[in-house]
Each structure stands twice: as C-alpha cells, then as structure tokens.
Amino acid sequence: MERPLSDTDKLKSLSEEIALRWLDQVRVNLDLQNGLCRMECEASVLADVCSWLFSKLGYSFASLVVEEEPAEWSLWYIFYGDLEDGQIHILHRMSKTQATVPSISHFVHAADWHEREAEDLFGLVFEEHPRLGDFVLHEEWPEGVNPMRADFDALKPYVHREIHPDWRPARIVRAPGVFMMPIGPIYSDFAESAHFLLETVGEDVIRTIPRFFYKYRGVEKIAEGRTVEEVLLLAERFSGTSAFSHSTAFCQVVEEISGVEVPSRAMALRRLFAELERLRHHVGAVAGICGSTALAVAASQAGILEEEILRLSCTLTGHRYLFGLNLPGGLSMDFRDETIKNLSATIDDLVKKLDELKEMLRFSSSFLDRLEEVGTISRESAVSYGMVGPIARASGIARDLRKVLPYAGYEAVDFTVPTEQEGDGYARLRVLFGEVAQSARIIRQAASSLPPGPVISQLPTLTSGSALGWVEAPRGAAFQWVRLGEDGRVVRYRLTPPSFTNWHGFHLAAEDFAFQDFPIIMATFGLSNAESDR
Amino acid sequence: MSKWVLKGLQTGIKTTSYPDREEAASGVSPGLPGGRKEAGNEARLVIARCPTRALTQAGQQIEVDYRLCIHCFRCLRGVPSAVDWNSGYEWAASMVTCNHTIHRLGNAFGRSLHIRFVDGGACGACISEIEQMNKPYYNMHRLGFFITPTPREADVLLVAGPVTDHMRLPIQKAFAAMPTPKRVLAIGACALSGGIFGPSFTSEAGVPKLIPVDVGVPGCPPPPLAILHGLLLAVSRKPSASLKFPGSIDGGENS
C-alpha cells in the first residue's frame with residue numbers, strides 16, 4: 001500500500017498546523033511513506049480536533065476502533081481525505097477505571113452509530129451523546145452485558161429472555177391521527193431481516209425509524225482468538241454478496257502486517273474479480289430497482305444478466321460468489337492467460353445488453369416517474385452522515401477509495417468515478433449504470449495486460465502487529481482493522497462495512513413520502529443487512 | 001409499453017429444463033467434495049486442512065459431513081492429493097425429524113405450494129440464490145411454487161442463516177402462524193449447523209435446534225437448482241439426495 005510521494009507536503013503542513021493549534025495536547029507522528037499521520041490526543045481537545053478535520057478540512061470519517069488492553073482503553077478515530085490528504089489516525093487512551101469519553105458525534109455526525117455501537121458492546125459512555133442505549137443489542141438484553149469486552153465468553157450460548165410486555169418502541173412524531181406502521185423483521189418476498197417503524201397519518205409517511213441488528217452474529221467477537229485462515233472465512237462470509245471485496249480487505253491487512261509482497265499477477269486478478277463482483281452486484285441492484293417499480297420485463301432482463309455473471313464466476317473460479325479465491329499473499333488458483341483474454345469479449349457482450357436496457361429505461365416515463373425525486377439525499381446530508389459508495393456519488397460526492405487510497409494497483413488503472421448531483425433514486429440508478437461501464441473498463445485492462453508469474457507469495461510466520469485495510473466494495477468504502485497477537489492469532493477485528501455507514505443515513509431518504517414509494521427507496525439504496533449487522 | 005413486450009419476446013426462453021432434464025450448463029453449481037478416497041498419510045493432510053471439520057477419516061475412506069461443508073476448496077486446491085469433487089446439485093435430503101410417509105406433502109400440493117422465506121441471519125448469498133429461483137433462468141412459478149408475503153398463507157418455510165439471537169422469536173412466531181400441514185426447509189450450511197458462526201452467544205447453530213426441519217439443503221450457498229430440488233423433495237416429486245449427513249434419512253428412496 002505504498003503511496004505517491006507528492007502527498008507528503010500536505011501532511012507535513014497539516015501536522016505543523018496541529019502542533020500550532022493544540023500545542024502539548026496533541027502529539028503528532030508522521031509516517032510519510034504510508035501517507036499516514038498518527039496523533040495522540042487528550043480528552044479535552046478530542047472533539048475539537050475531530051471537528052476541525054471533518055468540518056474545516058473536509059476529511060471523511062472512516063471508523064472508530066475500540067481496543068481493550070489490560071489496564072486501559074485505546075480508541076482510534078480514523079479519517080481519510082482525497083489522494084493528497086492521506087489518512088489520519090487519532091489515538092485517545094484512557095484508564096480502565098474511567099469509562100467515559102467525550103462524544104464527537106455532535107460535530108462529526110458520521111461517528112454517531114460508531115459511538116452507539118461502542119456504548120452497547122463495550123460499555124463505554126460517550127458524554128453528551130443524545131441517544132445511547134439499545135442499538136446492536138435489542139431491549140431484551142439486560143443492561144451491563146457488553147459482549148465485546150475481553151471477559152465475555154463468546155462461545156457460551158446466551159440465555160434468551162422474553163421481552164417485557166410493557167416495552168414499546170420510541171416514537172418521535174406526536175400529533176393527532178399519527179400512528180406507527182411496523183414493517184418487518186419478516187416482510188416482503190426475499191427481504192433481509194430488519195424492522196422499520198413508519199410514523200404515518202395514513203398514506204403519507206412522516207418519518208421512518210429503522211431498527212437493525214436482527215442479524216447480529218457477533219463476527220468481530222467470534223473472530224478473536226482465531227487464526228488468520230479461520231478469520232478469512234468470516235471476512236468472506238459475513239456478507240456473501242460482497243465476499244471478494246471484504247476478503248481482499250482482510251488479506252491486504254494481513255499482507256501489510258507481515259510485509260509480504262503480493263505478486264503483480266495476483267493484484268491484477270484481484271482487480272478483475274473485484275470488478276466482476278461489482279458488476280454482478282450492480283446488475284442485481286438494477287434488477288431490484290426495476291422489480292420495485294413492477295417493471296417486470298426489465299427486472300427479468302437484469303435478472304438474466306445477473307445469473308449469467310454468477311455462472312461466469314462459477315465457471316472461472318469454481319464458486320458463484322467467488323468464495324475461497326482470496327488468500328493472504330495472493331489467490332488460491334491461477335488461470336490460463338487465454339481464459340482471461342476471452343473474458344473481455346464476454347464482458348463486452350454483457351455491457352452491450354446493459355446499455356440497451358439503460359436506453360430502454362431512460363425512455364420509459366412511467367418508470368422514471370417512480371424514481372425521480374424519490375428518496376432524495378442532499379449533498380450536505382451525505383457529507384454530514386459520511387455516506388459512501390454509489391449513494392454518496394449520486395449526491396455529488398466523488399470520493400472512491402480506488403482513487404483516494406489506491407490499493408491492489410488501482411493507481412495505474414485508467415477509469416473515472418461517475419457522479420450525479422440530484423441525490424434521488426434516478427441519480428442512484430444512473431450511478432449504478434455508470435459504474436458498470438467503468439468496471440468493464442477495468443476488467444478489460446486487467447485482462448489484456450495480465451502480468452506473468454506466480455499468483456501467491458509465501459506468508460512468513462505471523463507475529464504481532466496491527467493495520468488498517470480498505471477496499472471500495474460494491475456498496476462503498478469498507479474498512480477493516482486487524483490486530484494480531486504474538487502467536488499470530490487475531491486479537492481484535494473491527495469491520496466497518498459500507499452498509500453500516502449508509503443505513504445510518506437511510507432515514508433521511510425515508511421522510512415525507514407516500515407509502516407506496518417505500519420499496520423503491522429501499523431498492524435504490526440497495527443495502528445489505530448482513531453486511532451492516534455483522 | 002409495447003417495446004417491453006417486444007423485448008421480452010425477443011429474448012426467448014432462458015429457463016432451465018430441470019427437473020425434466022438435467023441442467024448441463026456450466027457454472028450452475030460449485031460442487032461438493034466427494035470424499036470417497038483411499039485414506040493414507042496424504043488423506044490426513046487433506047482432513048487437517050478442513051476448517052469446519054466436515055471431513056473425517058472413516059476406515060480407509062474420507063467421509064464428508066455435508067452440513068458443515070462451506071466450499072472453501074482447501075481440500076481441493078494447494079494440496080498434493082485432493083479429494084474427489086462431486087459437481088452435481090441434487091443435494092436436498094429428508095431429515096429424520098420428519099416421519100417420512102406421513103410427513104410428505106402429497107399430490108394436493110404438487111402444483112401449488114406457497115413458500116415464505118425467513119432470514120435467520122444469512123450472509124446474503126443464500127438469499128440471492130433463493131431470489132434467482134424467481135428469475136427467468138430458474139422460474140419456479142412454472143413448477144407451481146409461489147412466494148407468499150405472510151406465513152399465514154405458507155405451506156413451506158424456507159429458513160437460511162444460523163438463527164441469530166434476535167431472529168429466534170420471529171422465526172418461532174412465523175412457524176406457529178403457519179397452517180398445518182407445514183414443512184420447513186433449512187437452506188445452507190449455516191441453517192443446518194450454524195456454519196462458521198455458531199454456536200455462539202448470538203447464534204443458535206442451526207434451524208433444527210429451534211423448529212423441526214423436514215428437508216435440509218447443504219451448500220454455502222446451495223445453488224438455485226439444489227433449493228429447487230429441496231422444494232421438489234418436499235412435495236414428493238423428486239427423491240432424496242444420495243448424499244447423507246447426520247440428521248438426514250438414508251438417501252436414495254423414491255417418492
């Protein structure tokens with residue numbers, strides 16, 4: 001994950017300015033080779049520093065990583081900016097006896113869910129956070145149970161309790177005639193488990209209150225103490241529809257910690273399959289959007305293409321969702337150059353069919369009527385909520401990790417990041433179509449100039465270390481933080497998938513709308529609960 | 001709208017001819033380890049690589065517990081002597097929790113079976129494969145299988161995922177709301193055994209721990225044809241798979 005050297009000036013001046021503003025309270029440590037600025041920050045100025053980075057300098061909030069050590073808590077606040085801005089890791093340490101931290105989410109709203117999650121799972125208190133309490137763990141979990149703490153036994157089956165009969169979900173809108181319409185956790189045809197409380201006066205929905213984490217499998221917790229080979233399976237299978245992206249992120253962390261060099265052939269193939277996965281995901285999302293507006297023929301056309309990509313993936317790699325392909329150090333199998341070269345023609349054919357579909361949709365007025373000005377997210381909201389991926393790009397935010405923090409050789413690839421400004425359902429559909437064309441471009445480039453050589457490097461014996469890995473998954477920016485212990489086993493595994501980031505802002509799109517638009521808003525968001533709930 | 005009608009007609013028929021004929025297209029199934037192999041020192045190496053302990057040594061052979069296999073391909077790739085690979089897809093098997101002759105849904109359901117899908121914490125791949133059954137390549141409507149929005153109208157409950165703590169109650173309620181006779185299909189390794197997620201503080205380690213399961217479909221995820229096989233098995237239109245796993249009834253018997 002080496003970075004171009006041109007970044008260094010900006011990071012240097014940044015560190016100087018921080019030293020000037022918060023002398024003695026912030027200790028800065030520059031890692032120019034990795035385009036990384038680490039700093040340790042005291043509680044008194046933590047919120048100020050984060051707010052300054054987020055609001056004034058335009059950094060994006062990536063993740064909050066909480067680490068428990070025998071005597072103290074370490075909280076890492078991770079930010080990233082554009083290509084020349086690099087990454088900023090802010091460390092805040094405090095003793096175990098003190099479990100309160102100043103909340104930063106007043107200024108950095110993107111950190112809101114991260115703080116709520118840490119409160120629920122670690123038992124930390126974020127001072128002045130307006131809405132702490134039941135979040136990941138629903139109301140039937142007693143207070144004081146913090147499964148992410150080291151002394152909690154992850155393998156002990158948890159005793160299930162009944163919900164108190166008097167329990168009611170919180171209501172926000174109070175007006176005559178307003179009632180709550182519950183949707184979920186079992187609803188629609190193939191929907192994932194999630195719950196939405198629609199505050200409504202009948203046809204018009206005023207506000208949507210989502211309740212998630214029905215699918216909480218405690219992936220971060222059960223990864224602890226396992227070997228890298230075992231955690232790779234979790235990285236791949238916590239979100240099966242974006243398995244290759246997340247396993248790539250995990251492999252990249254392990255490669256970073258162990259210092260292993262991935263062969264250039266494996267890097268090119270990783271780009272190729274990551275884009276094939278994006279292609280499949282986006283085609284599936286288009287099918288979902290067409291289906292949500294009851295445009296059956298278009299949904300079928302996209303469905304045909306989706307199955308064809310699944311079959312292509314399986315014919316190439318043995319698995320329809322690319323499971324078992326990624327390994328730390330490279331890939332588990334090699335491909336004949338000819339097979340990969342022939343792929344370009346298949347992809348061209350696919351893109352041609354998708355273009356035809358796009359053109360037909362563009363001139364179907366009844367379809368457009370249902371998407372335009374539906375589920376709108378303004379650019380300001382998208383920035384404030386730290387939204388990522390196609391949803392952010394439909395609201396005018398062009399930040400794409402393949403461009404701003406290039407990995408797996410993306411810096412040498414010629415592609416653009418399609419963006420739209422309207423932030424509505426139709427803008428999101430156009431971004432999906434735009435990204436499909438770019439993915440095809442990346443696949444063609446990787447296929448036409450596949451370097452020779454091995455596809456895997458031998459991994460050395462793993463020792464302790466920690467690193468951040470990232471990938472632009474089909475649904476947006478995904479971050480993984482891994483700390484390995486002396487024995488090479490995982491001590492801490494932190495997953496920040498794009499669905500987690502984007503569900504946070506979903507309620508903005510589901511305000512003041514007509515009830516029949518709900519499935520359309522859901523489909524144009526195209527998020528996964530498996531990915532978000534973990 | 002006529003352009004869409006025309007487009008549909010131009011596309012022609014894409015649908016598989018399964019179950020009338022075998023599907024021969026490439027890429028419809030990831031396959032499963034066959035396991036029937038002379039066991040020696042090399043076999044021990046292969047078995048040791050299995051992260052879910054799906055492979056065990058039984059006498060001179062490697063046996064596979066299909067509830068546990070997650071297609072990680074570690075017994076196939078990067079080993080000196082790999083296991084045999086079984087590339088079929090008719091994997092569904094009746095489970096011992098059901099009494100065979102009474103529990104089969106009879107001919108009355110043969111052409112009109114209503115299905116409710118419930119997500120018990122599935123990773124998304126199983127859900128995607130179930131969705132594919134409703135798309136042109138598999139089109140389960142032609143077989144008389146329909147998705148219904150409510151368990152009150154459902155004959156069959158399809159459950160995927162390891163059954164998370166938060167989905168325990170909703171699954172129990174959905175099962176209770178179904179009219180009898182009712183059947184439950186457990187879809188995928190997680191639903192059969194908890195897969196890589198369970199048992200743990202949030203995972204029940206499989207649907208059979210919670211409600212009686214009639215048909216199990218192994219795979220991670222099971223391809224659409226395997227799930228179709230499971231539905232056909234539930235209405236006695238196809239025999240049980242020849243592969244066995246703990247909890248399944250000996251394969252091979254006919255409807």
# chains A, B, ... in the order shown; residues from 1 in each chain; ligands from 1

call {"tool": "select_by_dssp", "arguments": {"residues": "range 21-68 of chain A", "states": "strand (DSSP E)", "output": "PyMOL selection string"}}
result
chain A and resi 26-31+36-41+60-68

call {"tool": "write_last_selection", "arguments": {"atoms": "N, CA and C atoms", "output": "PDB file, in the first residue's frame"}}
result
ATOM      1  N   VAL A  26      -1.683  17.543  21.740  1.00  0.00           N
ATOM      2  CA  VAL A  26      -1.703  16.554  20.662  1.00  0.00           C
ATOM      3  C   VAL A  26      -0.265  16.219  20.290  1.00  0.00           C
ATOM      4  N   ARG A  27       0.058  14.940  20.302  1.00  0.00           N
ATOM      5  CA  ARG A  27       1.397  14.515  19.864  1.00  0.00           C
ATOM      6  C   ARG A  27       1.286  13.903  18.469  1.00  0.00           C
ATOM      7  N   VAL A  28       2.034  14.462  17.530  1.00  0.00           N
ATOM      8  CA  VAL A  28       1.895  14.037  16.135  1.00  0.00           C
ATOM      9  C   VAL A  28       3.076  13.176  15.720  1.00  0.00           C
ATOM     10  N   ASN A  29       2.785  12.143  14.950  1.00  0.00           N
ATOM     11  CA  ASN A  29       3.805  11.230  14.469  1.00  0.00           C
ATOM     12  C   ASN A  29       3.515  10.956  12.993  1.00  0.00           C
ATOM     13  N   LEU A  30       4.403  11.419  12.128  1.00  0.00           N
ATOM     14  CA  LEU A  30       4.145  11.296  10.688  1.00  0.00           C
ATOM     15  C   LEU A  30       4.768  10.026  10.110  1.00  0.00           C
ATOM     16  N   ASP A  31       4.001   9.322   9.294  1.00  0.00           N
ATOM     17  CA  ASP A  31       4.519   8.158   8.576  1.00  0.00           C
ATOM     18  C   ASP A  31       4.347   8.487   7.090  1.00  0.00           C
ATOM     19  N   LEU A  36       0.447   8.641   6.117  1.00  0.00           N
ATOM     20  CA  LEU A  36      -0.350   8.443   7.319  1.00  0.00           C
ATOM     21  C   LEU A  36       0.128   9.391   8.406  1.00  0.00           C
ATOM     22  N   CYS A  37      -0.808  10.023   9.087  1.00  0.00           N
ATOM     23  CA  CYS A  37      -0.481  10.901  10.208  1.00  0.00           C
ATOM     24  C   CYS A  37      -1.135  10.332  11.468  1.00  0.00           C
ATOM     25  N   ARG A  38      -0.315   9.872  12.391  1.00  0.00           N
ATOM     26  CA  ARG A  38      -0.854   9.345  13.657  1.00  0.00           C
ATOM     27  C   ARG A  38      -0.728  10.433  14.702  1.00  0.00           C
ATOM     28  N   MET A  39      -1.731  10.560  15.547  1.00  0.00           N
ATOM     29  CA  MET A  39      -1.579  11.522  16.642  1.00  0.00           C
ATOM     30  C   MET A  39      -2.282  11.017  17.878  1.00  0.00           C
ATOM     31  N   GLU A  40      -1.725  11.391  19.011  1.00  0.00           N
ATOM     32  CA  GLU A  40      -2.370  11.025  20.264  1.00  0.00           C
ATOM     33  C   GLU A  40      -2.973  12.285  20.850  1.00  0.00           C
ATOM     34  N   CYS A  41      -4.204  12.142  21.282  1.00  0.00           N
ATOM     35  CA  CYS A  41      -4.991  13.318  21.581  1.00  0.00           C
ATOM     36  C   CYS A  41      -5.604  13.199  22.969  1.00  0.00           C
ATOM     37  N   SER A  60     -13.035  12.618   5.587  1.00  0.00           N
ATOM     38  CA  SER A  60     -14.155  11.714   5.836  1.00  0.00           C
ATOM     39  C   SER A  60     -13.828  10.866   7.051  1.00  0.00           C
ATOM     40  N   PHE A  61     -14.876  10.538   7.808  1.00  0.00           N
ATOM     41  CA  PHE A  61     -14.696   9.676   8.973  1.00  0.00           C
ATOM     42  C   PHE A  61     -14.806   8.231   8.506  1.00  0.00           C
ATOM     43  N   ALA A  62     -13.781   7.419   8.801  1.00  0.00           N
ATOM     44  CA  ALA A  62     -13.802   6.036   8.343  1.00  0.00           C
ATOM     45  C   ALA A  62     -14.337   5.104   9.411  1.00  0.00           C
ATOM     46  N   SER A  63     -13.784   5.209  10.619  1.00  0.00           N
ATOM     47  CA  SER A  63     -14.181   4.236  11.626  1.00  0.00           C
ATOM     48  C   SER A  63     -13.715   4.652  13.004  1.00  0.00           C
ATOM     49  N   LEU A  64     -14.384   4.100  14.009  1.00  0.00           N
ATOM     50  CA  LEU A  64     -13.923   4.208  15.384  1.00  0.00           C
ATOM     51  C   LEU A  64     -13.558   2.796  15.822  1.00  0.00           C
ATOM     52  N   VAL A  65     -12.306   2.608  16.203  1.00  0.00           N
ATOM     53  CA  VAL A  65     -11.861   1.279  16.634  1.00  0.00           C
ATOM     54  C   VAL A  65     -11.576   1.339  18.130  1.00  0.00           C
ATOM     55  N   VAL A  66     -12.279   0.521  18.896  1.00  0.00           N
ATOM     56  CA  VAL A  66     -12.050   0.467  20.339  1.00  0.00           C
ATOM     57  C   VAL A  66     -11.208  -0.764  20.627  1.00  0.00           C
ATOM     58  N   GLU A  67     -10.130  -0.598  21.351  1.00  0.00           N
ATOM     59  CA  GLU A  67      -9.308  -1.745  21.726  1.00  0.00           C
ATOM     60  C   GLU A  67      -9.181  -1.789  23.239  1.00  0.00           C
ATOM     61  N   GLU A  68      -9.347  -2.997  23.776  1.00  0.00           N
ATOM     62  CA  GLU A  68      -9.270  -3.161  25.224  1.00  0.00           C
ATOM     63  C   GLU A  68      -7.922  -3.766  25.582  1.00  0.00           C
TER      64      GLU A  68
END

call {"tool": "closest_atom_pairs", "arguments": {"of": "chain A", "to": "chain B", "cutoff": "6 Å", "atoms": "only C-alpha atoms", "output": "Markdown table"}}
result
| residue | atom | partner | partner_atom | distance |
| --- | --- | --- | --- | --- |
| A:Ala154 | CA | B:Phe201 | CA | 5.4 |
| A:Leu155 | CA | B:Ser200 | CA | 4.3 |
| A:Lys156 | CA | B:Phe201 | CA | 5.6 |
| A:Pro157 | CA | B:Phe201 | CA | 4.5 |
| A:Tyr158 | CA | B:Phe201 | CA | 4.6 |
| A:Ser188 | CA | B:Pro149 | CA | 5.6 |
| A:Asp189 | CA | B:Pro149 | CA | 5.8 |
| A:Glu192 | CA | B:Asp119 | CA | 5.8 |
| A:Ser193 | CA | B:Asp119 | CA | 5.8 |
| A:Tyr214 | CA | B:His166 | CA | 4.9 |
| A:Lys215 | CA | B:Gly121 | CA | 4.3 |
| A:Arg217 | CA | B:Thr202 | CA | 5.5 |
| A:Phe238 | CA | B:Cys123 | CA | 5.3 |
| A:Ser239 | CA | B:Cys123 | CA | 4.7 |
| A:Gly240 | CA | B:Ala125 | CA | 4.6 |
| A:Thr241 | CA | B:Ala125 | CA | 5.4 |
| A:Gly303 | CA | B:Lys135 | CA | 5.8 |
| A:Arg311 | CA | B:Gly27 | CA | 4.1 |
| A:Cys314 | CA | B:Gly27 | CA | 4.6 |
| A:Thr315 | CA | B:Gly27 | CA | 4.6 |
| A:Gly318 | CA | B:Pro30 | CA | 5.4 |
| A:His319 | CA | B:Pro30 | CA | 4.9 |
| A:Gly324 | CA | B:Cys72 | CA | 4.6 |
| A:Ala530 | CA | B:Cys123 | CA | 5.2 |

call {"tool": "atom_distance", "arguments": {"atom1": "CA of Pro452 in chain A", "atom2": "CA of Val231 in chain A"}}
result
29.7 Å

call {"tool": "atom_distance", "arguments": {"atom1": "CA of Gly88 in chain B", "atom2": "CA of Leu225 in chain B"}}
result
9.5 Å

call {"tool": "decode", "arguments": {"residues": "range 392-417 of chain A", "atoms": "N, CA and C atoms", "output": "PDB file, in the first residue's frame"}}
result
ATOM      1  N   ALA A 392     -23.483   7.957  -2.092  1.00  0.00           N
ATOM      2  CA  ALA A 392     -22.799   9.241  -1.932  1.00  0.00           C
ATOM      3  C   ALA A 392     -22.494   9.845  -3.298  1.00  0.00           C
ATOM      4  N   ARG A 393     -22.104   8.994  -4.245  1.00  0.00           N
ATOM      5  CA  ARG A 393     -21.731   9.516  -5.563  1.00  0.00           C
ATOM      6  C   ARG A 393     -22.948  10.048  -6.318  1.00  0.00           C
ATOM      7  N   ALA A 394     -24.155   9.551  -5.975  1.00  0.00           N
ATOM      8  CA  ALA A 394     -25.368  10.083  -6.587  1.00  0.00           C
ATOM      9  C   ALA A 394     -25.724  11.434  -5.980  1.00  0.00           C
ATOM     10  N   SER A 395     -25.130  11.759  -4.815  1.00  0.00           N
ATOM     11  CA  SER A 395     -25.369  13.056  -4.178  1.00  0.00           C
ATOM     12  C   SER A 395     -24.187  13.981  -4.358  1.00  0.00           C
ATOM     13  N   GLY A 396     -23.342  13.701  -5.336  1.00  0.00           N
ATOM     14  CA  GLY A 396     -22.276  14.636  -5.690  1.00  0.00           C
ATOM     15  C   GLY A 396     -20.961  14.456  -4.954  1.00  0.00           C
ATOM     16  N   ILE A 397     -20.788  13.364  -4.190  1.00  0.00           N
ATOM     17  CA  ILE A 397     -19.510  13.138  -3.507  1.00  0.00           C
ATOM     18  C   ILE A 397     -18.714  12.106  -4.312  1.00  0.00           C
ATOM     19  N   ALA A 398     -17.588  12.516  -4.850  1.00  0.00           N
ATOM     20  CA  ALA A 398     -16.865  11.646  -5.784  1.00  0.00           C
ATOM     21  C   ALA A 398     -15.831  10.759  -5.098  1.00  0.00           C
ATOM     22  N   ARG A 399     -15.788  10.768  -3.769  1.00  0.00           N
ATOM     23  CA  ARG A 399     -14.722  10.032  -3.080  1.00  0.00           C
ATOM     24  C   ARG A 399     -14.873   8.518  -3.282  1.00  0.00           C
ATOM     25  N   ASP A 400     -13.857   7.915  -3.870  1.00  0.00           N
ATOM     26  CA  ASP A 400     -13.858   6.483  -4.151  1.00  0.00           C
ATOM     27  C   ASP A 400     -12.497   5.968  -3.695  1.00  0.00           C
ATOM     28  N   LEU A 401     -12.473   4.958  -2.844  1.00  0.00           N
ATOM     29  CA  LEU A 401     -11.197   4.505  -2.265  1.00  0.00           C
ATOM     30  C   LEU A 401     -10.215   4.034  -3.328  1.00  0.00           C
ATOM     31  N   ARG A 402     -10.731   3.574  -4.463  1.00  0.00           N
ATOM     32  CA  ARG A 402      -9.820   3.131  -5.524  1.00  0.00           C
ATOM     33  C   ARG A 402      -9.015   4.305  -6.057  1.00  0.00           C
ATOM     34  N   LYS A 403      -9.559   5.529  -5.884  1.00  0.00           N
ATOM     35  CA  LYS A 403      -8.856   6.731  -6.338  1.00  0.00           C
ATOM     36  C   LYS A 403      -8.103   7.418  -5.201  1.00  0.00           C
ATOM     37  N   VAL A 404      -8.751   7.529  -4.015  1.00  0.00           N
ATOM     38  CA  VAL A 404      -8.140   8.351  -2.963  1.00  0.00           C
ATOM     39  C   VAL A 404      -7.152   7.575  -2.098  1.00  0.00           C
ATOM     40  N   LEU A 405      -7.359   6.267  -1.928  1.00  0.00           N
ATOM     41  CA  LEU A 405      -6.384   5.439  -1.208  1.00  0.00           C
ATOM     42  C   LEU A 405      -6.115   4.207  -2.062  1.00  0.00           C
ATOM     43  N   PRO A 406      -5.479   4.385  -3.219  1.00  0.00           N
ATOM     44  CA  PRO A 406      -5.387   3.259  -4.156  1.00  0.00           C
ATOM     45  C   PRO A 406      -4.725   2.019  -3.546  1.00  0.00           C
ATOM     46  N   TYR A 407      -5.269   0.862  -3.863  1.00  0.00           N
ATOM     47  CA  TYR A 407      -4.754  -0.416  -3.364  1.00  0.00           C
ATOM     48  C   TYR A 407      -4.745  -1.369  -4.555  1.00  0.00           C
ATOM     49  N   ALA A 408      -4.125  -2.510  -4.402  1.00  0.00           N
ATOM     50  CA  ALA A 408      -4.110  -3.563  -5.435  1.00  0.00           C
ATOM     51  C   ALA A 408      -3.785  -3.028  -6.833  1.00  0.00           C
ATOM     52  N   GLY A 409      -2.965  -1.985  -6.889  1.00  0.00           N
ATOM     53  CA  GLY A 409      -2.534  -1.475  -8.196  1.00  0.00           C
ATOM     54  C   GLY A 409      -3.551  -0.620  -8.924  1.00  0.00           C
ATOM     55  N   TYR A 410      -4.591  -0.137  -8.234  1.00  0.00           N
ATOM     56  CA  TYR A 410      -5.611   0.689  -8.898  1.00  0.00           C
ATOM     57  C   TYR A 410      -5.045   2.020  -9.383  1.00  0.00           C
ATOM     58  N   GLU A 411      -3.889   2.471  -8.779  1.00  0.00           N
ATOM     59  CA  GLU A 411      -3.355   3.778  -9.174  1.00  0.00           C
ATOM     60  C   GLU A 411      -2.941   3.793 -10.642  1.00  0.00           C
ATOM     61  N   ALA A 412      -2.630   2.602 -11.196  1.00  0.00           N
ATOM     62  CA  ALA A 412      -2.178   2.562 -12.594  1.00  0.00           C
ATOM     63  C   ALA A 412      -3.325   2.280 -13.566  1.00  0.00           C
ATOM     64  N   VAL A 413      -4.548   2.188 -13.038  1.00  0.00           N
ATOM     65  CA  VAL A 413      -5.679   1.826 -13.888  1.00  0.00           C
ATOM     66  C   VAL A 413      -6.373   3.091 -14.376  1.00  0.00           C
ATOM     67  N   ASP A 414      -6.805   3.062 -15.623  1.00  0.00           N
ATOM     68  CA  ASP A 414      -7.476   4.208 -16.216  1.00  0.00           C
ATOM     69  C   ASP A 414      -8.985   4.032 -16.089  1.00  0.00           C
ATOM     70  N   PHE A 415      -9.595   4.790 -15.192  1.00  0.00           N
ATOM     71  CA  PHE A 415     -11.063   4.742 -15.057  1.00  0.00           C
ATOM     72  C   PHE A 415     -11.532   6.038 -14.407  1.00  0.00           C
ATOM     73  N   THR A 416     -12.815   6.306 -14.520  1.00  0.00           N
ATOM     74  CA  THR A 416     -13.364   7.516 -13.893  1.00  0.00           C
ATOM     75  C   THR A 416     -14.390   7.127 -12.831  1.00  0.00           C
ATOM     76  N   VAL A 417     -14.737   8.085 -11.999  1.00  0.00           N
ATOM     77  CA  VAL A 417     -15.738   7.844 -10.956  1.00  0.00           C
ATOM     78  C   VAL A 417     -17.010   8.592 -11.340  1.00  0.00           C
TER      79      VAL A 417
END
